[in-house]
Amino acid sequence: MLKATTLKQCSKSFSSVVITSRNSSDEALRPYILGIETSCDDSGSAIVSSNGKILGDCIYSQQNSHLKFGGIIPPVAQDFHRLHIHNVVQQTFRSSNMDGTQIDAIAVTNRPGLPLSLLVGLRYAKWLARKYHKPIIPIHHMEAHALMVRMTHKVSFPFLCILISGGHSLLTLVKDISQFYLLGETLDDAPGEAFDKIARRLKLRNLPEFAWLSGGRSIEQAAKLSKDPRKYDFPLPLSHYRDCQFSFAGLKNTATRHILQQEEALDLPPDAVLPDYQDFSAGFLNAAARHIAQRTRRAIRFCENEQLISSTDPKFIVVSGGVACNDTIFQTVSDMAESLGYTTVRPERQHCTDNGVMIAWNGVEKFLANQDVTMDYGSVDIIGKTKLGMSLIEKVKCANIPNKD
């Protein structure tokens, strides 16, 4: 168990913001929904009103604590959540100038995620709900990511959504608040996971400018310094498979081989970084971006052919999840989408990664639609693994749609 002194040592990881001032008696802004997020390694909380105003927002990030372990260790993540969830939620109340009596419901992530982490958030949400006699709204973490963009952009249904993060790569058609059609998912690694592993293999953390950056952020920053982004050859994954599935393991293996070859050819010491790490990072990142764009192009054609998106529907592609912050990937998808008449959008950067705001906003939409709002606390439990909506993956394969890259 973590010692209580951890809170003081990690206090700089807290982020709390008062977004807007309001009159607590303003009924036009109701419902006021408290969102609680603990699906992985961040403890997040926020209060959001019906018009998308963030009344209070607080998050405790464990990132720096897990960097030294080389990854997230579930029992350690759970201990951090236990230490900080109460302070995170109470800071949210203080920053919003509200208390538990003034909210209308508590939205909480209950699926999917690390079971030990989910359990902390759900138990705390139930304790608050009983204390203030408020309903609970169970939230699907990936659905919340997909719908987050609707708080700040006028994105109507249906729309295509690419969910890319350290643990996921999913392509889904979003037809409604709770109606999702899964078109593609990763066969192996998620993009964020691949970036983390290659950044570690490149030893980018040995360079001061990358020491405290995530793997994906390190790769992106290094790629910006490239003078020859085509120096390394990275074949496009799954180019002969006519579906919308993703694979980043092949890219990762190709990258590892390149690194080994260069280390041996240059006779580098064990802690040395490749002298052309900038070009290497650019080649790896561009290949990942092209792969995501190619699979999304096929998803567009499938949805149009099957009339899941009609000619009269607004044409939007939403990129969400932590990797959506990557400008190279976002721009590559945007360029492809624009050529087909689609507009590409993403949530605000601070809301692409896991946070309480997206849970609260999903709670707002569900509350207004009277979906999944319950006072039966015992009926809500955690679900570590679960699919996103109805799978159309096999139907996409059977469509056998060629792709012109």
# chains A, B, ... in the order shown; residues from 1 in each chain; ligands from 1
>>> residues_around(residues="Glu348 of chain A", least_positions_apart="2", cutoff="9 Å", atoms="only C-alpha atoms", output="compact mmCIF listing (two decimals) with N, CA, C and O atoms, in the first residue's frame")
# COMPACT_ATOMS: atom_id res chain seq x y z
N VAL A 149 -16.54 14.92 -28.37
CA VAL A 149 -16.41 16.02 -29.34
C VAL A 149 -17.71 16.81 -29.48
O VAL A 149 -17.69 18.00 -29.80
N THR A 152 -18.20 20.35 -27.75
CA THR A 152 -17.57 21.58 -28.25
C THR A 152 -17.74 21.78 -29.76
O THR A 152 -17.44 22.86 -30.26
N CYS A 325 -4.23 13.38 -30.10
CA CYS A 325 -3.42 14.60 -29.91
C CYS A 325 -2.27 14.68 -30.91
O CYS A 325 -1.69 15.75 -31.10
N ARG A 346 -11.70 16.78 -33.68
CA ARG A 346 -11.29 16.06 -32.48
C ARG A 346 -11.65 16.91 -31.27
O ARG A 346 -11.80 18.13 -31.39
N GLN A 350 -6.88 18.66 -24.19
CA GLN A 350 -6.91 18.19 -22.80
C GLN A 350 -8.03 17.19 -22.56
O GLN A 350 -8.06 16.52 -21.52
N HIS A 351 -8.95 17.06 -23.53
CA HIS A 351 -10.06 16.12 -23.38
C HIS A 351 -9.94 14.92 -24.31
O HIS A 351 -10.86 14.11 -24.41
N CYS A 352 -8.79 14.79 -25.01
CA CYS A 352 -8.54 13.60 -25.82
C CYS A 352 -8.11 12.43 -24.93
O CYS A 352 -8.50 11.29 -25.15
>>> residues_around(residues="Ser96 of chain A", least_positions_apart="2", cutoff="6 Å", atoms="only C-alpha atoms", output="ChimeraX atom specification")
/A:55-56,93-94,98
>>> write_last_selection(atoms="all heavy atoms", output="mmCIF file, in the first residue's frame")
data_model
loop_
_atom_site.group_PDB
_atom_site.id
_atom_site.type_symbol
_atom_site.label_atom_id
_atom_site.label_comp_id
_atom_site.auth_asym_id
_atom_site.auth_seq_id
_atom_site.Cartn_x
_atom_site.Cartn_y
_atom_site.Cartn_z
ATOM 1 N N LEU A 55 -18.142 23.293 -15.171
ATOM 2 C CA LEU A 55 -18.259 24.094 -13.956
ATOM 3 C C LEU A 55 -17.109 23.827 -12.987
ATOM 4 O O LEU A 55 -16.727 24.703 -12.212
ATOM 5 C CB LEU A 55 -19.594 23.798 -13.276
ATOM 6 C CG LEU A 55 -20.826 23.946 -14.188
ATOM 7 C CD1 LEU A 55 -22.091 23.545 -13.451
ATOM 8 C CD2 LEU A 55 -20.932 25.364 -14.710
ATOM 9 N N GLY A 56 -16.578 22.634 -13.025
ATOM 10 C CA GLY A 56 -15.437 22.269 -12.192
ATOM 11 C C GLY A 56 -14.732 21.088 -12.814
ATOM 12 O O GLY A 56 -15.375 20.224 -13.420
ATOM 13 N N PHE A 93 -15.856 19.887 -6.571
ATOM 14 C CA PHE A 93 -16.956 20.602 -5.922
ATOM 15 C C PHE A 93 -16.537 22.017 -5.528
ATOM 16 O O PHE A 93 -17.266 22.989 -5.753
ATOM 17 C CB PHE A 93 -17.434 19.840 -4.680
ATOM 18 C CG PHE A 93 -18.352 18.685 -4.979
ATOM 19 C CD1 PHE A 93 -18.103 17.426 -4.440
ATOM 20 C CD2 PHE A 93 -19.469 18.856 -5.777
ATOM 21 C CE1 PHE A 93 -18.955 16.364 -4.700
ATOM 22 C CE2 PHE A 93 -20.329 17.797 -6.045
ATOM 23 C CZ PHE A 93 -20.067 16.548 -5.504
ATOM 24 N N ARG A 94 -15.344 22.150 -4.952
ATOM 25 C CA ARG A 94 -14.881 23.480 -4.525
ATOM 26 C C ARG A 94 -14.717 24.415 -5.710
ATOM 27 O O ARG A 94 -15.126 25.588 -5.650
ATOM 28 C CB ARG A 94 -13.547 23.352 -3.767
ATOM 29 C CG ARG A 94 -13.679 22.774 -2.367
ATOM 30 C CD ARG A 94 -12.401 22.947 -1.571
ATOM 31 N NE ARG A 94 -11.316 22.147 -2.131
ATOM 32 C CZ ARG A 94 -11.047 20.898 -1.757
ATOM 33 N NH1 ARG A 94 -11.796 20.294 -0.840
ATOM 34 N NH2 ARG A 94 -10.031 20.247 -2.287
ATOM 35 N N MET A 98 -20.035 24.285 -5.718
ATOM 36 C CA MET A 98 -21.206 23.440 -5.551
ATOM 37 C C MET A 98 -20.927 22.387 -4.488
ATOM 38 O O MET A 98 -19.788 22.219 -4.047
ATOM 39 C CB MET A 98 -21.568 22.741 -6.871
ATOM 40 C CG MET A 98 -21.958 23.678 -8.002
ATOM 41 S SD MET A 98 -22.289 22.768 -9.538
ATOM 42 C CE MET A 98 -23.827 21.944 -9.129
#
>>> select_by_dssp(residues="segment 120-300 of chain A", states="helix (DSSP H, G or I)", output="count of residues only")
93
>>> residues_around(residues="Gln294 of chain A", least_positions_apart="3", cutoff="9 Å", atoms="only C-alpha atoms", output="PyMOL selection string")
chain A and resi 239+244+289-291+297-299+333+336+403-405
>>> write_last_selection(atoms="all heavy atoms", output="compact mmCIF listing (two decimals), in the first residue's frame")
# COMPACT_ATOMS: atom_id res chain seq x y z
N SER A 239 -1.86 -4.26 -46.01
CA SER A 239 -2.24 -3.60 -47.27
C SER A 239 -3.01 -4.53 -48.20
O SER A 239 -3.76 -4.06 -49.07
CB SER A 239 -1.00 -3.05 -47.98
OG SER A 239 -0.08 -4.09 -48.24
N CYS A 244 -11.17 -3.36 -42.27
CA CYS A 244 -10.83 -2.14 -41.52
C CYS A 244 -10.08 -2.45 -40.24
O CYS A 244 -10.06 -1.64 -39.31
CB CYS A 244 -12.10 -1.35 -41.21
SG CYS A 244 -12.93 -0.67 -42.65
N ALA A 289 0.46 6.62 -39.37
CA ALA A 289 -0.58 7.55 -39.79
C ALA A 289 -1.23 7.10 -41.10
O ALA A 289 -2.46 7.15 -41.25
CB ALA A 289 0.01 8.95 -39.94
N ARG A 290 -0.41 6.66 -42.06
CA ARG A 290 -0.95 6.18 -43.34
C ARG A 290 -1.83 4.95 -43.15
O ARG A 290 -2.86 4.79 -43.81
CB ARG A 290 0.20 5.87 -44.30
CG ARG A 290 0.90 7.09 -44.87
CD ARG A 290 2.11 6.71 -45.71
NE ARG A 290 1.76 5.72 -46.73
CZ ARG A 290 2.45 4.60 -46.96
NH1 ARG A 290 3.49 4.29 -46.20
NH2 ARG A 290 2.08 3.78 -47.92
N HIS A 291 -1.41 4.07 -42.24
CA HIS A 291 -2.19 2.86 -41.96
C HIS A 291 -3.58 3.23 -41.42
O HIS A 291 -4.59 2.70 -41.87
CB HIS A 291 -1.42 2.01 -40.95
CG HIS A 291 -2.13 0.77 -40.52
ND1 HIS A 291 -2.73 -0.11 -41.40
CD2 HIS A 291 -2.33 0.24 -39.27
CE1 HIS A 291 -3.27 -1.12 -40.73
NE2 HIS A 291 -3.05 -0.93 -39.44
N ARG A 297 -10.40 5.16 -44.79
CA ARG A 297 -10.93 5.36 -46.15
C ARG A 297 -11.86 4.22 -46.52
O ARG A 297 -12.95 4.43 -47.07
CB ARG A 297 -9.77 5.46 -47.15
CG ARG A 297 -10.23 5.66 -48.60
CD ARG A 297 -9.07 5.49 -49.55
NE ARG A 297 -8.12 6.57 -49.44
CZ ARG A 297 -8.16 7.69 -50.17
NH1 ARG A 297 -9.14 7.85 -51.05
NH2 ARG A 297 -7.25 8.61 -50.03
N ARG A 298 -11.43 2.99 -46.23
CA ARG A 298 -12.30 1.85 -46.54
C ARG A 298 -13.58 1.88 -45.72
O ARG A 298 -14.66 1.53 -46.20
CB ARG A 298 -11.55 0.53 -46.30
CG ARG A 298 -12.42 -0.69 -46.60
CD ARG A 298 -11.65 -2.00 -46.53
NE ARG A 298 -10.77 -2.15 -47.66
CZ ARG A 298 -9.44 -2.14 -47.59
NH1 ARG A 298 -8.85 -1.99 -46.41
NH2 ARG A 298 -8.70 -2.30 -48.66
N ALA A 299 -13.50 2.32 -44.47
CA ALA A 299 -14.69 2.42 -43.63
C ALA A 299 -15.69 3.40 -44.22
O ALA A 299 -16.91 3.17 -44.19
CB ALA A 299 -14.30 2.85 -42.21
N VAL A 333 -5.16 11.88 -41.56
CA VAL A 333 -6.56 11.48 -41.68
C VAL A 333 -7.39 12.62 -42.27
O VAL A 333 -8.26 12.40 -43.13
CB VAL A 333 -7.11 11.05 -40.31
CG1 VAL A 333 -8.62 10.84 -40.37
CG2 VAL A 333 -6.42 9.79 -39.82
N MET A 336 -6.96 12.89 -46.08
CA MET A 336 -7.70 11.82 -46.76
C MET A 336 -9.20 12.11 -46.73
O MET A 336 -9.89 12.00 -47.75
CB MET A 336 -7.40 10.48 -46.07
CG MET A 336 -8.16 9.28 -46.62
SD MET A 336 -9.87 9.11 -45.97
CE MET A 336 -9.56 8.91 -44.22
N ASN A 403 -8.99 -0.59 -51.91
CA ASN A 403 -8.61 0.71 -51.35
C ASN A 403 -7.55 1.33 -52.23
O ASN A 403 -6.54 0.72 -52.54
CB ASN A 403 -8.05 0.53 -49.94
CG ASN A 403 -8.40 1.72 -49.04
OD1 ASN A 403 -8.73 2.78 -49.54
ND2 ASN A 403 -8.31 1.52 -47.74
N LYS A 404 -7.81 2.54 -52.65
CA LYS A 404 -6.83 3.30 -53.43
C LYS A 404 -6.14 4.27 -52.49
O LYS A 404 -6.71 5.26 -52.08
CB LYS A 404 -7.53 4.05 -54.55
CG LYS A 404 -8.22 3.13 -55.56
CD LYS A 404 -8.96 3.94 -56.60
CE LYS A 404 -9.67 3.02 -57.59
NZ LYS A 404 -10.42 3.81 -58.61
N ASP A 405 -4.90 3.96 -52.14
CA ASP A 405 -4.15 4.77 -51.18
C ASP A 405 -3.52 5.96 -51.90
O ASP A 405 -2.86 5.78 -52.90
CB ASP A 405 -3.08 3.92 -50.50
CG ASP A 405 -2.45 4.65 -49.33
OD1 ASP A 405 -3.07 5.59 -48.83
OD2 ASP A 405 -1.34 4.27 -48.94
>>> residues_around(residues="Ser320 of chain A", least_positions_apart="6", cutoff="10 Å", atoms="only C-alpha atoms", output="list in words")
Met142, Ala144, His145, Ala146, Leu147, Met148, Val149, Cys161, Ile162, Leu163, Ile164, Ser165, Phe330, Val345, Arg346, Pro347, Glu348, Arg349, His351, Cys352 and Thr353 of chain A
>>> write_last_selection(atoms="C-alpha atoms", output="PDB file, in the first residue's frame")
ATOM      1  CA  MET A 142     -14.876   4.301 -25.239  1.00  0.00           C
ATOM      2  CA  ALA A 144     -17.528   8.640 -23.811  1.00  0.00           C
ATOM      3  CA  HIS A 145     -14.365   9.247 -25.843  1.00  0.00           C
ATOM      4  CA  ALA A 146     -16.348   9.040 -29.080  1.00  0.00           C
ATOM      5  CA  LEU A 147     -19.071  11.456 -27.938  1.00  0.00           C
ATOM      6  CA  MET A 148     -16.803  13.966 -26.163  1.00  0.00           C
ATOM      7  CA  VAL A 149     -16.414  16.015 -29.339  1.00  0.00           C
ATOM      8  CA  CYS A 161     -15.088   7.773 -35.193  1.00  0.00           C
ATOM      9  CA  ILE A 162     -11.485   6.611 -34.870  1.00  0.00           C
ATOM     10  CA  LEU A 163     -10.612   5.805 -31.256  1.00  0.00           C
ATOM     11  CA  ILE A 164      -6.840   5.542 -30.876  1.00  0.00           C
ATOM     12  CA  SER A 165      -4.922   5.382 -27.618  1.00  0.00           C
ATOM     13  CA  PHE A 330      -4.732  13.872 -37.307  1.00  0.00           C
ATOM     14  CA  VAL A 345     -12.614  17.036 -35.887  1.00  0.00           C
ATOM     15  CA  ARG A 346     -11.293  16.059 -32.477  1.00  0.00           C
ATOM     16  CA  PRO A 347     -12.008  17.096 -28.890  1.00  0.00           C
ATOM     17  CA  GLU A 348      -9.938  19.771 -27.212  1.00  0.00           C
ATOM     18  CA  ARG A 349      -6.453  18.388 -26.564  1.00  0.00           C
ATOM     19  CA  HIS A 351     -10.063  16.122 -23.385  1.00  0.00           C
ATOM     20  CA  CYS A 352      -8.542  13.598 -25.822  1.00  0.00           C
ATOM     21  CA  THR A 353      -6.856  11.715 -23.004  1.00  0.00           C
TER      22      THR A 353
END
>>> residues_around(residues="Val89 of chain A", least_positions_apart="6", cutoff="8 Å", atoms="only C-alpha atoms", output="list in words")
Ile36, Gly44, Ser45, Ala46 and Cys58 of chain A
